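S.K.: Pasting target.txt below, which is compact mmCIF, C-alpha atoms.
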# COMPACT_ATOMS: atom_id res chain seq x y z
CA MET A 64 -148.48 -114.49 -191.83
CA GLN A 65 -147.79 -110.92 -192.86
CA PHE A 66 -148.85 -107.89 -190.83
CA GLY A 67 -148.71 -104.31 -191.92
CA ILE A 68 -150.50 -101.05 -192.56
CA PHE A 69 -152.12 -99.34 -195.51
CA SER A 70 -152.86 -95.70 -196.22
CA VAL A 71 -155.56 -94.20 -198.43
CA SER A 72 -153.58 -90.91 -198.40
CA ASP A 73 -156.37 -88.59 -197.28
CA ILE A 74 -155.67 -84.99 -196.31
CA THR A 75 -158.17 -84.29 -193.54
CA THR A 76 -158.50 -81.49 -191.03
CA ASP A 77 -157.70 -82.48 -187.46
CA PRO A 78 -161.06 -81.84 -185.74
CA THR A 79 -159.40 -81.29 -182.37
CA THR A 80 -157.10 -78.48 -183.56
CA GLY A 81 -158.63 -77.21 -186.79
CA ARG A 82 -155.30 -77.70 -188.58
CA THR A 83 -155.22 -79.14 -192.08
CA PRO A 84 -151.87 -80.60 -193.19
CA THR A 85 -150.41 -79.46 -196.49
CA GLU A 86 -149.79 -81.90 -199.31
CA ALA A 87 -146.07 -81.54 -198.67
CA GLN A 88 -146.53 -82.42 -195.00
CA ARG A 89 -148.66 -85.49 -195.69
CA ILE A 90 -146.24 -86.75 -198.35
CA SER A 91 -143.34 -86.33 -195.94
CA ASP A 92 -145.34 -87.93 -193.15
CA ILE A 93 -146.21 -91.00 -195.21
CA VAL A 94 -142.52 -91.68 -195.79
CA THR A 95 -141.92 -91.34 -192.03
CA ILE A 96 -144.81 -93.73 -191.34
CA ALA A 97 -143.47 -96.34 -193.76
CA ARG A 98 -139.99 -96.20 -192.25
CA LYS A 99 -141.49 -96.47 -188.77
CA ALA A 100 -143.46 -99.54 -189.87
CA GLU A 101 -140.22 -101.29 -190.73
CA GLU A 102 -138.57 -100.07 -187.52
CA VAL A 103 -141.27 -101.61 -185.30
CA GLY A 104 -141.13 -104.94 -187.12
CA LEU A 105 -144.14 -104.84 -189.44
CA ASP A 106 -143.94 -106.68 -192.75
CA VAL A 107 -145.94 -104.63 -195.26
CA PHE A 108 -146.65 -101.02 -196.16
CA ALA A 109 -149.31 -100.36 -198.81
CA LEU A 110 -150.29 -97.04 -200.37
CA GLY A 111 -153.45 -96.11 -202.23
CA GLU A 112 -153.94 -94.32 -205.55
CA HIS A 113 -156.29 -91.35 -205.96
CA HIS A 114 -156.53 -88.56 -208.50
CA ASN A 115 -158.85 -86.20 -206.67
CA PRO A 116 -158.86 -84.16 -203.45
CA PRO A 117 -158.72 -84.70 -200.54
CA PHE A 118 -156.05 -87.31 -201.38
CA PHE A 119 -152.40 -86.85 -202.29
CA SER A 120 -151.23 -90.22 -203.66
CA SER A 121 -151.67 -89.83 -207.40
CA SER A 122 -148.39 -91.64 -208.12
CA PRO A 123 -147.84 -94.48 -205.63
CA THR A 124 -145.02 -95.95 -207.70
CA THR A 125 -142.98 -92.78 -207.21
CA THR A 126 -143.54 -92.79 -203.46
CA LEU A 127 -142.93 -96.53 -203.10
CA GLY A 128 -139.70 -96.27 -205.10
CA TYR A 129 -138.48 -93.58 -202.71
CA ILE A 130 -139.50 -95.64 -199.68
CA ALA A 131 -137.75 -98.69 -201.15
CA ALA A 132 -134.50 -96.74 -201.17
CA LEU A 133 -134.93 -95.90 -197.48
CA THR A 134 -135.87 -99.38 -196.23
CA GLU A 135 -134.28 -102.80 -196.32
CA ARG A 136 -136.88 -105.42 -195.40
CA LEU A 137 -140.33 -103.88 -195.75
CA GLN A 138 -142.61 -105.41 -198.38
CA LEU A 139 -144.21 -102.62 -200.42
CA SER A 140 -147.67 -102.82 -201.93
CA THR A 141 -150.62 -100.75 -203.11
CA ALA A 142 -154.11 -100.13 -201.80
CA THR A 143 -155.07 -100.08 -204.62
CA THR A 144 -153.64 -99.66 -208.13
CA LEU A 145 -156.41 -98.63 -210.52
CA ILE A 146 -156.59 -101.32 -213.20
CA THR A 147 -159.45 -99.51 -214.93
CA THR A 148 -158.01 -96.06 -215.62
CA ASN A 149 -154.30 -96.86 -215.79
CA ASP A 150 -152.81 -98.19 -219.01
CA PRO A 151 -151.88 -101.86 -218.35
CA VAL A 152 -148.72 -101.33 -220.41
CA LYS A 153 -147.60 -98.64 -217.97
CA ILE A 154 -148.53 -100.82 -214.98
CA ALA A 155 -146.43 -103.66 -216.40
CA GLU A 156 -143.41 -101.42 -216.84
CA ASP A 157 -143.71 -99.36 -213.65
CA TYR A 158 -144.08 -102.30 -211.29
CA ALA A 159 -141.37 -104.34 -212.97
CA MET A 160 -139.10 -101.31 -212.50
CA LEU A 161 -140.10 -101.18 -208.84
CA GLN A 162 -139.23 -104.88 -208.55
CA HIS A 163 -135.70 -104.18 -209.70
CA LEU A 164 -135.24 -101.07 -207.55
CA SER A 165 -136.56 -102.76 -204.40
CA GLY A 166 -134.85 -106.10 -204.85
CA GLY A 167 -138.18 -107.84 -205.28
CA ARG A 168 -139.92 -106.21 -202.30
CA ILE A 169 -143.02 -105.20 -204.25
CA ASP A 170 -146.45 -106.64 -204.94
CA LEU A 171 -149.62 -104.83 -205.90
CA THR A 172 -153.32 -104.85 -205.21
CA LEU A 173 -155.51 -104.06 -208.20
CA GLY A 174 -158.91 -102.41 -207.89
CA ARG A 175 -161.52 -100.71 -210.04
CA GLY A 176 -161.82 -97.51 -208.03
CA ASN A 177 -165.16 -96.07 -206.95
CA THR A 178 -164.75 -92.36 -207.75
CA GLY A 179 -166.96 -91.74 -210.76
CA PRO A 180 -165.33 -88.53 -212.14
CA VAL A 181 -161.91 -90.20 -212.35
CA TYR A 182 -162.96 -92.40 -215.27
CA PRO A 183 -163.62 -89.62 -217.82
CA TRP A 184 -160.51 -87.75 -216.63
CA PHE A 185 -158.57 -90.71 -218.01
CA GLY A 186 -160.73 -91.19 -221.08
CA GLN A 187 -162.88 -94.03 -219.73
CA ASP A 188 -166.51 -94.67 -218.83
CA ILE A 189 -167.35 -95.90 -215.33
CA ARG A 190 -170.17 -97.98 -216.83
CA GLN A 191 -167.42 -100.07 -218.42
CA GLY A 192 -165.55 -100.46 -215.12
CA MET A 193 -165.85 -104.22 -214.85
CA ASN A 194 -165.05 -104.81 -218.53
CA LEU A 195 -162.02 -102.55 -218.20
CA ALA A 196 -160.81 -104.49 -215.16
CA ILE A 197 -161.12 -107.79 -217.02
CA GLU A 198 -159.55 -106.72 -220.31
CA ASN A 199 -156.76 -104.62 -218.81
CA TYR A 200 -155.68 -107.35 -216.44
CA ALA A 201 -155.66 -109.93 -219.23
CA LEU A 202 -153.26 -107.67 -221.13
CA LEU A 203 -151.12 -107.06 -218.05
CA ARG A 204 -150.71 -110.80 -217.54
CA ARG A 205 -149.92 -111.29 -221.21
CA LEU A 206 -147.16 -108.69 -221.03
CA TRP A 207 -145.63 -110.07 -217.85
CA ASP A 208 -145.92 -113.74 -218.80
CA ALA A 209 -144.39 -113.39 -222.26
CA GLU A 210 -141.29 -115.54 -222.68
CA GLU A 211 -137.91 -113.81 -222.66
CA GLY A 212 -137.31 -112.31 -226.10
CA ALA A 213 -140.91 -112.80 -227.24
CA THR A 214 -143.09 -109.96 -228.49
CA VAL A 215 -146.78 -109.37 -227.87
CA ASP A 216 -149.44 -108.73 -230.50
CA TRP A 217 -152.74 -107.70 -228.92
CA GLU A 218 -156.01 -106.02 -229.75
CA GLY A 219 -158.91 -105.16 -227.43
CA ARG A 220 -161.75 -102.72 -226.91
CA PHE A 221 -160.22 -100.06 -224.67
CA ARG A 222 -156.74 -99.16 -225.93
CA THR A 223 -154.82 -99.03 -229.17
CA PRO A 224 -153.53 -102.38 -230.48
CA LEU A 225 -150.02 -103.61 -229.76
CA GLN A 226 -147.80 -105.06 -232.48
CA GLY A 227 -144.43 -106.62 -231.75
CA PHE A 228 -144.33 -105.06 -228.28
CA THR A 229 -142.15 -106.05 -225.32
CA SER A 230 -142.61 -104.31 -221.97
CA THR A 231 -139.38 -103.23 -220.31
CA PRO A 232 -137.80 -103.91 -217.97
CA ARG A 233 -138.74 -107.56 -217.84
CA PRO A 234 -139.93 -108.83 -214.43
CA LEU A 235 -137.10 -109.47 -211.99
CA ASP A 236 -135.74 -113.04 -212.33
CA GLY A 237 -138.50 -113.70 -214.86
CA VAL A 238 -141.14 -113.63 -212.10
CA PRO A 239 -143.79 -110.86 -212.09
CA PRO A 240 -144.85 -109.17 -208.86
CA PHE A 241 -147.53 -111.08 -206.99
CA VAL A 242 -150.99 -109.64 -207.60
CA TRP A 243 -153.83 -109.25 -205.15
CA HIS A 244 -157.28 -108.26 -206.39
CA GLY A 245 -158.97 -105.89 -203.98
CA SER A 246 -162.71 -105.54 -203.60
CA ILE A 247 -165.38 -104.52 -201.14
CA ARG A 248 -168.49 -105.91 -202.77
CA SER A 249 -167.83 -107.26 -206.30
CA PRO A 250 -167.90 -111.06 -206.71
CA GLU A 251 -166.64 -110.57 -210.27
CA ILE A 252 -163.31 -109.38 -208.85
CA ALA A 253 -163.14 -112.38 -206.51
CA GLU A 254 -163.79 -114.56 -209.56
CA GLN A 255 -160.99 -112.83 -211.46
CA ALA A 256 -158.55 -113.44 -208.60
CA ALA A 257 -159.60 -117.08 -208.43
CA TYR A 258 -159.36 -117.64 -212.18
CA TYR A 259 -155.74 -116.50 -212.32
CA GLY A 260 -154.74 -118.10 -209.02
CA ASP A 261 -153.96 -114.67 -207.56
CA GLY A 262 -154.60 -113.35 -204.07
CA PHE A 263 -157.90 -111.81 -202.96
CA PHE A 264 -157.79 -108.82 -200.62
CA HIS A 265 -161.04 -107.87 -198.97
CA ASN A 266 -161.20 -104.25 -197.85
CA HIS A 267 -162.98 -105.40 -194.66
CA ILE A 268 -163.72 -101.91 -193.39
CA PHE A 269 -167.26 -100.82 -194.18
CA TRP A 270 -169.20 -104.09 -194.16
CA PRO A 271 -170.19 -106.65 -191.51
CA ALA A 272 -168.41 -109.95 -191.00
CA SER A 273 -171.19 -111.86 -192.76
CA HIS A 274 -170.47 -110.01 -196.01
CA THR A 275 -166.71 -110.58 -195.79
CA LYS A 276 -167.35 -114.26 -195.08
CA ARG A 277 -169.48 -114.64 -198.23
CA MET A 278 -166.93 -112.90 -200.43
CA VAL A 279 -163.98 -114.93 -199.16
CA GLU A 280 -165.89 -118.21 -199.32
CA PHE A 281 -166.87 -117.47 -202.91
CA TYR A 282 -163.25 -116.70 -203.84
CA ARG A 283 -161.98 -119.87 -202.17
CA ALA A 284 -164.57 -122.06 -203.90
CA ARG A 285 -163.80 -120.58 -207.31
CA TRP A 286 -160.03 -120.81 -206.70
CA GLU A 287 -160.44 -124.55 -206.15
CA HIS A 288 -162.83 -124.83 -209.12
CA HIS A 289 -160.17 -123.36 -211.41
CA GLY A 290 -157.71 -126.05 -210.39
CA HIS A 291 -155.30 -124.17 -208.17
CA GLY A 292 -155.63 -126.57 -205.22
CA PRO A 293 -157.80 -126.97 -202.12
CA ALA A 294 -159.87 -123.92 -201.14
CA GLU A 295 -158.12 -123.58 -197.82
CA LYS A 296 -154.83 -122.89 -199.65
CA ALA A 297 -156.16 -119.85 -201.51
CA ILE A 298 -154.35 -116.59 -200.73
CA VAL A 299 -156.46 -114.16 -198.68
CA GLY A 300 -155.73 -110.72 -197.24
CA LEU A 301 -157.88 -108.51 -195.03
CA GLY A 302 -157.98 -104.85 -194.14
CA GLY A 303 -159.05 -103.44 -190.80
CA GLN A 304 -159.12 -100.26 -188.72
CA VAL A 305 -157.78 -99.85 -185.20
CA PHE A 306 -157.12 -97.15 -182.65
CA MET A 307 -155.50 -98.10 -179.36
CA ARG A 308 -154.63 -96.76 -175.96
CA PRO A 309 -153.68 -98.74 -172.82
CA ASN A 310 -157.14 -97.94 -171.45
CA SER A 311 -160.08 -98.61 -173.78
CA GLN A 312 -162.07 -95.67 -172.43
CA ASP A 313 -159.19 -93.33 -173.29
CA ALA A 314 -159.03 -94.78 -176.81
CA VAL A 315 -162.74 -94.17 -177.39
CA ARG A 316 -162.60 -90.66 -175.95
CA GLU A 317 -159.60 -89.68 -178.07
CA PHE A 318 -160.75 -91.23 -181.34
CA ARG A 319 -164.41 -90.16 -181.22
CA PRO A 320 -163.96 -86.66 -182.72
CA TYR A 321 -161.91 -88.12 -185.56
CA PHE A 322 -164.56 -90.73 -186.26
CA ASP A 323 -167.44 -88.27 -186.02
CA ASN A 324 -165.85 -85.91 -188.56
CA ALA A 325 -164.18 -88.38 -190.93
CA PRO A 326 -165.10 -87.71 -194.59
CA VAL A 327 -165.92 -91.35 -195.25
CA TYR A 328 -168.15 -92.32 -192.33
CA GLY A 329 -168.50 -89.21 -190.21
CA HIS A 330 -171.95 -87.81 -189.43
CA GLY A 331 -173.44 -91.27 -189.91
CA PRO A 332 -173.64 -94.21 -187.49
CA SER A 333 -172.27 -93.72 -184.00
CA LEU A 334 -168.79 -94.97 -183.17
CA GLU A 335 -170.36 -97.70 -181.04
CA ASP A 336 -172.73 -98.84 -183.80
CA PHE A 337 -170.03 -98.80 -186.47
CA SER A 338 -167.64 -100.74 -184.23
CA ARG A 339 -170.31 -103.34 -183.57
CA GLU A 340 -171.27 -103.79 -187.23
CA THR A 341 -167.81 -103.61 -188.85
CA PRO A 342 -164.23 -104.65 -187.94
CA LEU A 343 -163.34 -101.18 -186.60
CA THR A 344 -161.77 -101.73 -183.18
CA VAL A 345 -161.20 -98.81 -180.82
CA GLY A 346 -159.88 -99.91 -177.46
CA SER A 347 -156.96 -101.55 -175.69
CA PRO A 348 -154.24 -103.61 -177.39
CA GLN A 349 -155.81 -106.77 -175.99
CA GLN A 350 -159.16 -105.88 -177.51
CA VAL A 351 -157.48 -105.43 -180.90
CA ILE A 352 -155.74 -108.78 -180.50
CA ASP A 353 -158.96 -110.56 -179.61
CA ARG A 354 -160.96 -108.94 -182.41
CA THR A 355 -158.31 -109.65 -185.03
CA LEU A 356 -157.93 -113.27 -184.00
CA GLY A 357 -161.69 -113.54 -184.44
CA PHE A 358 -161.38 -112.74 -188.16
CA ARG A 359 -160.13 -116.30 -188.66
CA ASP A 360 -163.48 -117.62 -187.43
CA TYR A 361 -165.21 -116.41 -190.58
CA VAL A 362 -162.50 -116.31 -193.27
CA GLY A 363 -160.33 -119.25 -192.20
CA ASP A 364 -156.54 -119.15 -192.21
CA TYR A 365 -155.32 -116.18 -194.19
CA GLN A 366 -152.01 -114.68 -195.23
CA ARG A 367 -152.03 -110.89 -194.84
CA GLN A 368 -153.54 -108.47 -192.32
CA LEU A 369 -153.23 -104.74 -192.98
CA PHE A 370 -154.47 -102.03 -190.61
CA LEU A 371 -155.56 -98.50 -191.47
CA ILE A 372 -154.21 -96.11 -188.82
CA ASP A 373 -153.29 -92.78 -190.46
CA HIS A 374 -156.63 -91.44 -191.64
CA ALA A 375 -159.34 -88.96 -190.53
CA GLY A 376 -156.92 -86.17 -189.61
CA LEU A 377 -154.94 -88.06 -186.95
CA PRO A 378 -151.65 -86.21 -186.37
CA LEU A 379 -148.33 -87.86 -187.19
CA LYS A 380 -147.34 -88.13 -183.53
CA THR A 381 -150.46 -90.17 -182.79
CA VAL A 382 -149.96 -92.41 -185.82
CA LEU A 383 -146.38 -93.17 -184.76
CA GLU A 384 -147.65 -94.02 -181.27
CA GLN A 385 -150.14 -96.43 -182.85
CA LEU A 386 -147.28 -98.07 -184.74
CA ASP A 387 -145.31 -98.50 -181.52
CA ILE A 388 -148.28 -100.25 -179.93
CA LEU A 389 -148.81 -102.46 -182.98
CA GLY A 390 -145.15 -103.44 -183.16
CA GLU A 391 -144.53 -103.94 -179.45
CA GLN A 392 -147.80 -105.24 -178.03
CA VAL A 393 -150.14 -106.45 -180.75
CA VAL A 394 -148.37 -108.00 -183.73
CA PRO A 395 -146.00 -110.24 -181.75
CA VAL A 396 -148.99 -111.82 -180.01
CA LEU A 397 -150.92 -112.14 -183.27
CA ARG A 398 -147.96 -113.86 -184.94
CA THR A 399 -147.76 -116.43 -182.19
CA GLU A 400 -151.49 -117.05 -181.88
CA PHE A 401 -152.22 -117.25 -185.61
CA ALA A 402 -149.27 -119.62 -186.09
CA ALA A 403 -150.57 -121.89 -183.33
CA LEU A 404 -154.05 -121.96 -184.88
CA ARG A 405 -152.93 -122.44 -188.44
CA ALA A 406 -153.89 -125.68 -190.17
CA PRO A 407 -151.10 -127.81 -191.68
CA GLY A 408 -150.34 -127.07 -195.31
CA VAL A 409 -151.69 -123.52 -195.39
CA PRO A 410 -149.20 -121.47 -197.46
CA ASP A 411 -147.53 -118.25 -196.41
CA ALA A 412 -148.10 -115.03 -198.32
CA PRO A 413 -146.10 -115.20 -201.56
CA THR A 414 -142.86 -113.22 -201.74
CA HIS A 415 -140.45 -112.76 -204.59
CA ALA A 416 -138.15 -115.42 -203.13
CA THR A 417 -140.91 -118.01 -202.83
CA LEU A 418 -142.21 -117.25 -206.32
CA VAL A 419 -138.72 -117.65 -207.80
CA ALA A 420 -138.31 -120.95 -205.94
CA ALA A 421 -141.71 -122.17 -207.16
CA LYS A 422 -140.80 -121.30 -210.75
CA ALA A 423 -137.52 -123.19 -210.44
CA ALA A 424 -139.29 -126.21 -208.95
CA ALA A 425 -141.86 -126.17 -211.74
CA GLY A 426 -139.06 -126.09 -214.30
CA THR A 427 -137.35 -129.06 -212.66
CA ASP A 428 -140.62 -131.01 -212.69
CA GLU A 429 -141.12 -130.28 -216.38
CA MET A 430 -137.59 -131.46 -217.18
CA GLY A 431 -138.21 -134.65 -215.24
CA THR A 432 -141.44 -135.29 -217.09
CA GLU A 433 -139.78 -134.77 -220.47
CA ALA A 434 -136.92 -137.11 -219.53
CA ALA A 435 -139.39 -139.80 -218.48
As structure tokens, how would this structure be written, given the file I've shared?
M.R.:
Amino acid sequence: MQFGIFSVSDITTDPTTGRTPTEAQRISDIVTIARKAEEVGLDVFALGEHHNPPFFSSSPTTTLGYIAALTERLQLSTATTLITTNDPVKIAEDYAMLQHLSGGRIDLTLGRGNTGPVYPWFGQDIRQGMNLAIENYALLRRLWDAEEGATVDWEGRFRTPLQGFTSTPRPLDGVPPFVWHGSIRSPEIAEQAAYYGDGFFHNHIFWPASHTKRMVEFYRARWEHHGHGPAEKAIVGLGGQVFMRPNSQDAVREFRPYFDNAPVYGHGPSLEDFSRETPLTVGSPQQVIDRTLGFRDYVGDYQRQLFLIDHAGLPLKTVLEQLDILGEQVVPVLRTEFAALRAPGVPDAPTHATLVAAKAAAGTDEMGTEAA
């Protein structure tokens, strides 16, 4: 099972000091955070994409390429890549390039985005968001799955036609990056993930466990329906939010002003109410361990757990302390406990190496069938 962190790249005033980091500081800090994630033994770092304040990550591929050059083992991902307002041709080329630069240490999570003004900025209509997600991903798959040397002819509703086109570079070793489809509330996106046999990543931040359970169950059922295997072998990832101190009372006291003033959920439910109704866990490392292990009770065995820890104006020093706690006290226990609970036959999260091996095995099977 993979453990890691994701960042939405917000630039938020620290409510305890009144200081607002500059874009330059946050961009530098995110690189430091990613390198620290690898240092403490985490598996994945994922970065969001936004094109409006108060966020800085308008070009996650640029940042991830830089981080790839500074790390050796860390799997890099997105949270999320906008399939609706990005050109799928550019996605195909950018992420294949990242594959080559990182030695295969890249996958991506696709999402529609929920910021209305972004759509017209990129020449699109938010009312067509779902249709854009469906058509653009179909083209992305067509580009990546084209045989070596083949060209693509394509025509759709939302971009100019393609004639005799080949995206470059080709995916590393002929295997595209693994794709997760991220969603909070859209069953259509879970259906899309299931149809293609891709992973489904549930944001798992703002909604209660009952909602996450329904979404994951729907994805698993549809994954099996589309012939990819038993539902329990579908590829599932979850988000989550944590803030930890050795003493739970200290964690609550320290995090409360950040929660109360956060742009997303500040000035709404109390910290206690939000923690009770959603997966947000503010407390001791053991409380985070217990809460996270409980996710399995309603989604089953899953492959990837990412935590949000660098938001709401938290200073870099505090975020790095959170990473130390995750790496030293929380994730090692979660690895052991989840492995002990895991049912036989449940697959690991796909990596470039496992996808290459699966492709080779499929080719061998085809040759055997033809020979027979």
S.K.: Choose the residue, out of A:Gln255, A:Thr134, A:Thr229, A:Gln304, that has the smallest atom-to-atom separation from A:Tyr200; count only C-alpha atoms.
M.R.: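 Selected residue with least distance to A:Tyr200: A:Gln255.
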S.K.: Which residues, written as a PyMOL selection string, have at least one atom at most 7 Å from stretch 140-155 of chain A, with all atoms listed in the file counted and residues fewer than 6 positions away on the same chain left out?
M.R.: chain A and resi 69+71+108-112+169-176+182+185+187+192+195-196+199-200+202-203+206-207+230
S.K.: Save out the residues we just selected, C-alpha atoms, as an mmCIF file, keeping the file's coordinate frame.
M.R.:
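Below is the file that was written, result13.cif:
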data_model
loop_
_atom_site.group_PDB
_atom_site.id
_atom_site.type_symbol
_atom_site.label_atom_id
_atom_site.label_comp_id
_atom_site.auth_asym_id
_atom_site.auth_seq_id
_atom_site.Cartn_x
_atom_site.Cartn_y
_atom_site.Cartn_z
ATOM 1 C CA PHE A 69 -152.120 -99.340 -195.510
ATOM 2 C CA VAL A 71 -155.560 -94.200 -198.430
ATOM 3 C CA PHE A 108 -146.650 -101.020 -196.160
ATOM 4 C CA ALA A 109 -149.310 -100.360 -198.810
ATOM 5 C CA LEU A 110 -150.290 -97.040 -200.370
ATOM 6 C CA GLY A 111 -153.450 -96.110 -202.230
ATOM 7 C CA GLU A 112 -153.940 -94.320 -205.550
ATOM 8 C CA ILE A 169 -143.020 -105.200 -204.250
ATOM 9 C CA ASP A 170 -146.450 -106.640 -204.940
ATOM 10 C CA LEU A 171 -149.620 -104.830 -205.900
ATOM 11 C CA THR A 172 -153.320 -104.850 -205.210
ATOM 12 C CA LEU A 173 -155.510 -104.060 -208.200
ATOM 13 C CA GLY A 174 -158.910 -102.410 -207.890
ATOM 14 C CA ARG A 175 -161.520 -100.710 -210.040
ATOM 15 C CA GLY A 176 -161.820 -97.510 -208.030
ATOM 16 C CA TYR A 182 -162.960 -92.400 -215.270
ATOM 17 C CA PHE A 185 -158.570 -90.710 -218.010
ATOM 18 C CA GLN A 187 -162.880 -94.030 -219.730
ATOM 19 C CA GLY A 192 -165.550 -100.460 -215.120
ATOM 20 C CA LEU A 195 -162.020 -102.550 -218.200
ATOM 21 C CA ALA A 196 -160.810 -104.490 -215.160
ATOM 22 C CA ASN A 199 -156.760 -104.620 -218.810
ATOM 23 C CA TYR A 200 -155.680 -107.350 -216.440
ATOM 24 C CA LEU A 202 -153.260 -107.670 -221.130
ATOM 25 C CA LEU A 203 -151.120 -107.060 -218.050
ATOM 26 C CA LEU A 206 -147.160 -108.690 -221.030
ATOM 27 C CA TRP A 207 -145.630 -110.070 -217.850
ATOM 28 C CA SER A 230 -142.610 -104.310 -221.970
#
S.K.: Do a neighbour search on A:Gly292 at 12 Å with only C-alpha atoms, toss out local chain neighbours closer than 2 positions, and write the hits as a compact mmCIF listing (two decimals) with C-alpha atoms, keeping the file's coordinate frame.
M.R.:
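result-v4.txt written:
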# COMPACT_ATOMS: atom_id res chain seq x y z
CA ALA A 257 -159.60 -117.08 -208.43
CA TYR A 258 -159.36 -117.64 -212.18
CA GLY A 260 -154.74 -118.10 -209.02
CA ARG A 283 -161.98 -119.87 -202.17
CA ALA A 284 -164.57 -122.06 -203.90
CA ARG A 285 -163.80 -120.58 -207.31
CA TRP A 286 -160.03 -120.81 -206.70
CA GLU A 287 -160.44 -124.55 -206.15
CA HIS A 288 -162.83 -124.83 -209.12
CA HIS A 289 -160.17 -123.36 -211.41
CA GLY A 290 -157.71 -126.05 -210.39
CA ALA A 294 -159.87 -123.92 -201.14
CA GLU A 295 -158.12 -123.58 -197.82
CA LYS A 296 -154.83 -122.89 -199.65
CA ALA A 297 -156.16 -119.85 -201.51
CA ILE A 298 -154.35 -116.59 -200.73
CA GLY A 408 -150.34 -127.07 -195.31
CA VAL A 409 -151.69 -123.52 -195.39
CA PRO A 410 -149.20 -121.47 -197.46
S.K.: Kindly give the distance, in Å, that separates atom CA of A:Leu397 and atom CA of A:Ile252, rounded to a single decimal.
M.R.: 28.6 Å
S.K.: Show me the residues around (-166.7, -101.3, -196.5) - criterion: an atom at most 12 Å away, all atoms listed in the file counted - as a PDB file with C-alpha atoms, in the frame of the given file.
M.R.:
ATOM      1  CA  ASN A 177    -165.160 -96.070-206.950  1.00  0.00           C
ATOM      2  CA  GLY A 245    -158.970-105.890-203.980  1.00  0.00           C
ATOM      3  CA  SER A 246    -162.710-105.540-203.600  1.00  0.00           C
ATOM      4  CA  ILE A 247    -165.380-104.520-201.140  1.00  0.00           C
ATOM      5  CA  ARG A 248    -168.490-105.910-202.770  1.00  0.00           C
ATOM      6  CA  SER A 249    -167.830-107.260-206.300  1.00  0.00           C
ATOM      7  CA  HIS A 265    -161.040-107.870-198.970  1.00  0.00           C
ATOM      8  CA  ASN A 266    -161.200-104.250-197.850  1.00  0.00           C
ATOM      9  CA  HIS A 267    -162.980-105.400-194.660  1.00  0.00           C
ATOM     10  CA  ILE A 268    -163.720-101.910-193.390  1.00  0.00           C
ATOM     11  CA  PHE A 269    -167.260-100.820-194.180  1.00  0.00           C
ATOM     12  CA  TRP A 270    -169.200-104.090-194.160  1.00  0.00           C
ATOM     13  CA  PRO A 271    -170.190-106.650-191.510  1.00  0.00           C
ATOM     14  CA  ALA A 272    -168.410-109.950-191.000  1.00  0.00           C
ATOM     15  CA  HIS A 274    -170.470-110.010-196.010  1.00  0.00           C
ATOM     16  CA  THR A 275    -166.710-110.580-195.790  1.00  0.00           C
ATOM     17  CA  LEU A 301    -157.880-108.510-195.030  1.00  0.00           C
ATOM     18  CA  GLY A 302    -157.980-104.850-194.140  1.00  0.00           C
ATOM     19  CA  GLY A 303    -159.050-103.440-190.800  1.00  0.00           C
ATOM     20  CA  GLN A 304    -159.120-100.260-188.720  1.00  0.00           C
ATOM     21  CA  VAL A 327    -165.920 -91.350-195.250  1.00  0.00           C
ATOM     22  CA  TYR A 328    -168.150 -92.320-192.330  1.00  0.00           C
ATOM     23  CA  PHE A 337    -170.030 -98.800-186.470  1.00  0.00           C
ATOM     24  CA  GLU A 340    -171.270-103.790-187.230  1.00  0.00           C
ATOM     25  CA  THR A 341    -167.810-103.610-188.850  1.00  0.00           C
ATOM     26  CA  PRO A 342    -164.230-104.650-187.940  1.00  0.00           C
ATOM     27  CA  LEU A 343    -163.340-101.180-186.600  1.00  0.00           C
TER      28      LEU A 343
END
S.K.: Between A:Ile189, A:Arg168, A:Leu127, A:Leu334, which is the closest to A:Arg316 once you count all atoms listed in the file?
M.R.: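 Smallest separation from A:Arg316 among the options: A:Leu334.
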S.K.: For a test of reading the model, state the distance in Å between atom CA of A:Tyr365 and atom CA of A:Thr344, rounded to one decimal.
M.R.: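 Taking atom CA of A:Tyr365 and atom CA of A:Thr344, their separation equals 19.3 Å.
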S.K.: For A:Val242, which of A:Leu356, A:Thr414, A:Glu102, A:Glu317 is the closest residue, counting all atoms listed in the file?
M.R.: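 Of A:Leu356, A:Thr414, A:Glu102, A:Glu317, the one nearest A:Val242, counting all atoms listed in the file, is A:Thr414.
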S.K.: For the atom pair atom CA of A:Asp364 and atom CA of A:Ala403, what is the interatomic distance in Å to one decimal place?
M.R.: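 For atom CA of A:Asp364 relative to atom CA of A:Ala403, the distance reads 11.0 Å.
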S.K.: Given the choices A:Leu386, A:Ala132, A:Gly237, A:Asp411, which gets closest to A:Gln366 if the distance is worked out from all atoms listed in the file?
M.R.: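 Of A:Leu386, A:Ala132, A:Gly237, A:Asp411, the one nearest A:Gln366, counting all atoms listed in the file, is A:Asp411.
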S.K.: For A:Pro250, list every protein, DNA or RNA residue within 10 Å, evaluated using only C-alpha atoms, and leave out those in the same chain fewer than 4 positions away; present the list as a PyMOL selection string.
M.R.: chain A and resi 246+254-256+277-279+281-282
S.K.: Could you dump the residues just selected with C-alpha atoms as a compact mmCIF listing (two decimals), keeping the file's coordinate frame?
M.R.:
# COMPACT_ATOMS: atom_id res chain seq x y z
CA SER A 246 -162.71 -105.54 -203.60
CA GLU A 254 -163.79 -114.56 -209.56
CA GLN A 255 -160.99 -112.83 -211.46
CA ALA A 256 -158.55 -113.44 -208.60
CA ARG A 277 -169.48 -114.64 -198.23
CA MET A 278 -166.93 -112.90 -200.43
CA VAL A 279 -163.98 -114.93 -199.16
CA PHE A 281 -166.87 -117.47 -202.91
CA TYR A 282 -163.25 -116.70 -203.84
